[in-house]
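Undergrad: Right, I'll just put the structure down here and ask away after.
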Amino acid sequence: MAAQIIFLHGPSSSGKSTLAQAVQAQIEAPFWHVSIDHLRDAQILPTARYRSNEFDWKADRAAFFDGFHRSLGAYAAAGNNLIIEHILDMPGGLEQLREILVPYDVFFVGLHCGLDELNARELARGDRPVGSAEADFHQVHQGRVYDLELSGEDNLQGNVDRLLQAWRLPERRGDFSAG
């Protein structure tokens with residue numbers, strides 16, 4: 001059976017990680033939870049050297065995302081179900097991922113959150129450049145078609161229940177089902 005993918009998309013600090021962890025804990029099959037934050041937190045990237053400008057993140061960013069996107073396809077090709085949390089903000093990122101993930105059932109979830117709440121969460125986290133959430137807020141959902149849209153300000157268990165109920169239905173109409 002081909003791997004299944006739940007793709008959580010929304011601004012920084014919208015609640016993607018919290019939702020992914022809750023879904024992973026309740027879904028009836030094993031799913032990996034994969035995100036760029038995991039790579040950062042595992043210190044796979046030389047983050048300190050990027051921050052000190054010893055290395056040029058802008059020059060390396062495209063290769064990083066290309067590798068990350070290809071790794072998702074490799075995980076799925078090996079038969080692993082995935083909960084991906086990601087912010088599609090690179091030109092061509094959606095198109096590349098659509099091509100890589102075309103063999104798989106991708107359930108595309110848009111996670112929204114109000115700007116005031118995003119800003120408050122960003123400040124409380126302290127691990128993002130101030131303003132990242134607001135920049136995402138104004139652009140990440142533009143032109144996207146989702147299989148399901150949720151609010152990161154709603155009750156977590158209610159969001160998990162809605163997500164799992166909709167995911168179990170066979171119909172997909174989001175950006176990953178479009179050809």
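Residues in the structure tokens are numbered from 1 in each chain, the chains being A, B, ... in the order shown, and ligands are numbered from 1 in the order shown.
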Residues at most 7 Å from range 31-44 of chain A, counting only C-alpha atoms, excluding those fewer than 5 positions away in the same chain, as a compact mmCIF listing (two decimals) with N, CA and C atoms, in the first residue's frame?
TA:
```
# COMPACT_ATOMS: atom_id res chain seq x y z
N ALA A 20 0.29 18.37 14.70
CA ALA A 20 0.95 17.16 14.18
C ALA A 20 1.17 16.14 15.29
N GLN A 24 -0.57 12.50 15.41
CA GLN A 24 0.30 11.32 15.46
C GLN A 24 -0.06 10.42 16.64
N ASN A 80 6.75 4.84 4.26
CA ASN A 80 6.45 5.54 5.51
C ASN A 80 5.32 6.54 5.33
N ASN A 81 4.31 6.46 6.18
CA ASN A 81 3.27 7.48 6.23
C ASN A 81 3.86 8.72 6.89
N LEU A 82 3.47 9.89 6.43
CA LEU A 82 4.07 11.13 6.92
C LEU A 82 3.03 12.15 7.35
N ILE A 83 3.32 12.83 8.44
CA ILE A 83 2.66 14.09 8.77
C ILE A 83 3.75 15.14 8.57
N ILE A 84 3.58 15.93 7.53
CA ILE A 84 4.56 16.96 7.18
C ILE A 84 4.03 18.30 7.64
N GLU A 85 4.86 19.05 8.35
CA GLU A 85 4.50 20.44 8.62
C GLU A 85 5.51 21.31 7.89
N HIS A 86 4.98 22.27 7.16
CA HIS A 86 5.85 23.03 6.27
C HIS A 86 5.19 24.37 5.96
```
Undergrad: Check the DSSP output for the backbone and give back, as a ChimeraX atom specification, the residues of range 4-80 of chain A in alpha helix (DSSP H).
TA: /A:16-26,36-41,47-51,57-77
Undergrad: Near Gln139 in chain A, within 12 Å and counting only C-alpha atoms, which residues show up once chain neighbours fewer than 2 positions away are dropped, as a list in words?
TA: His9, Gly10, Pro11, Ser12, Ile87, Leu88, Asp89, Met90, His112, Ser132, Ala133, Glu134, Ala135, Asp136, Phe137, His141, Gln142, Gly143 and Arg144 of chain A
Undergrad: Mind checking DSSP for chain A and telling me the strand (DSSP E or B) residues as a VMD selection string?
TA: chain A and resid 4 to 9 31 to 35 81 to 86 105 to 112 148 to 151
Undergrad: Given only C-alpha atoms as the basis, pick out the residue of A:Pro30, A:Pro129, A:Pro103, A:Gly110 nearest to Phe7 in chain A.
TA: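 Among the listed residues, A:Gly110 lies closest to Phe7 in chain A.
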Undergrad: Nearest to Ser151 in chain A: which of A:Ala63, A:Leu123, A:Ile6, A:Leu118 is it, counting only C-alpha atoms?
TA: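 The closest residue to Ser151 in chain A is A:Leu118.
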Undergrad: Tell me which protein, DNA and RNA residues are within 12 Å of range 165-171 of chain A, counting only C-alpha atoms, leaving out same-chain ones fewer than 5 positions away, and put them as an MDAnalysis selection string.
TA: chainID A and resid 4:7 23 26:29 83 105:109 146:150 158:160 176:177
Undergrad: What does the distance between CA of Asp56 in chain A and CA of Gly93 in chain A come to in Å, to one decimal place?
TA: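 Atom-to-atom, CA of Asp56 in chain A to CA of Gly93 in chain A, that is 20.4 Å.
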Undergrad: Point out the residue among A:Leu111, A:Val145, A:Glu117, A:Asp66 with the least atom-to-atom distance to Leu19 in chain A, counting only C-alpha atoms.
TA: A:Leu111
Undergrad: Rank A:Glu153, A:Ala76, A:Arg173, A:Lys16 by their smallest atom-to-atom distance to Cys113 in chain A, using only C-alpha atoms, and report the top residue only.
TA: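 Nearest candidate to Cys113 in chain A out of A:Glu153, A:Ala76, A:Arg173, A:Lys16: A:Glu153.
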Undergrad: Given the choices A:Ile100, A:Ala59, A:Leu94, A:Ala25, which gets closest to Leu72 in chain A if the distance is worked out from only C-alpha atoms?
TA: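 Closest to Leu72 in chain A, using only C-alpha atoms: A:Ile100.
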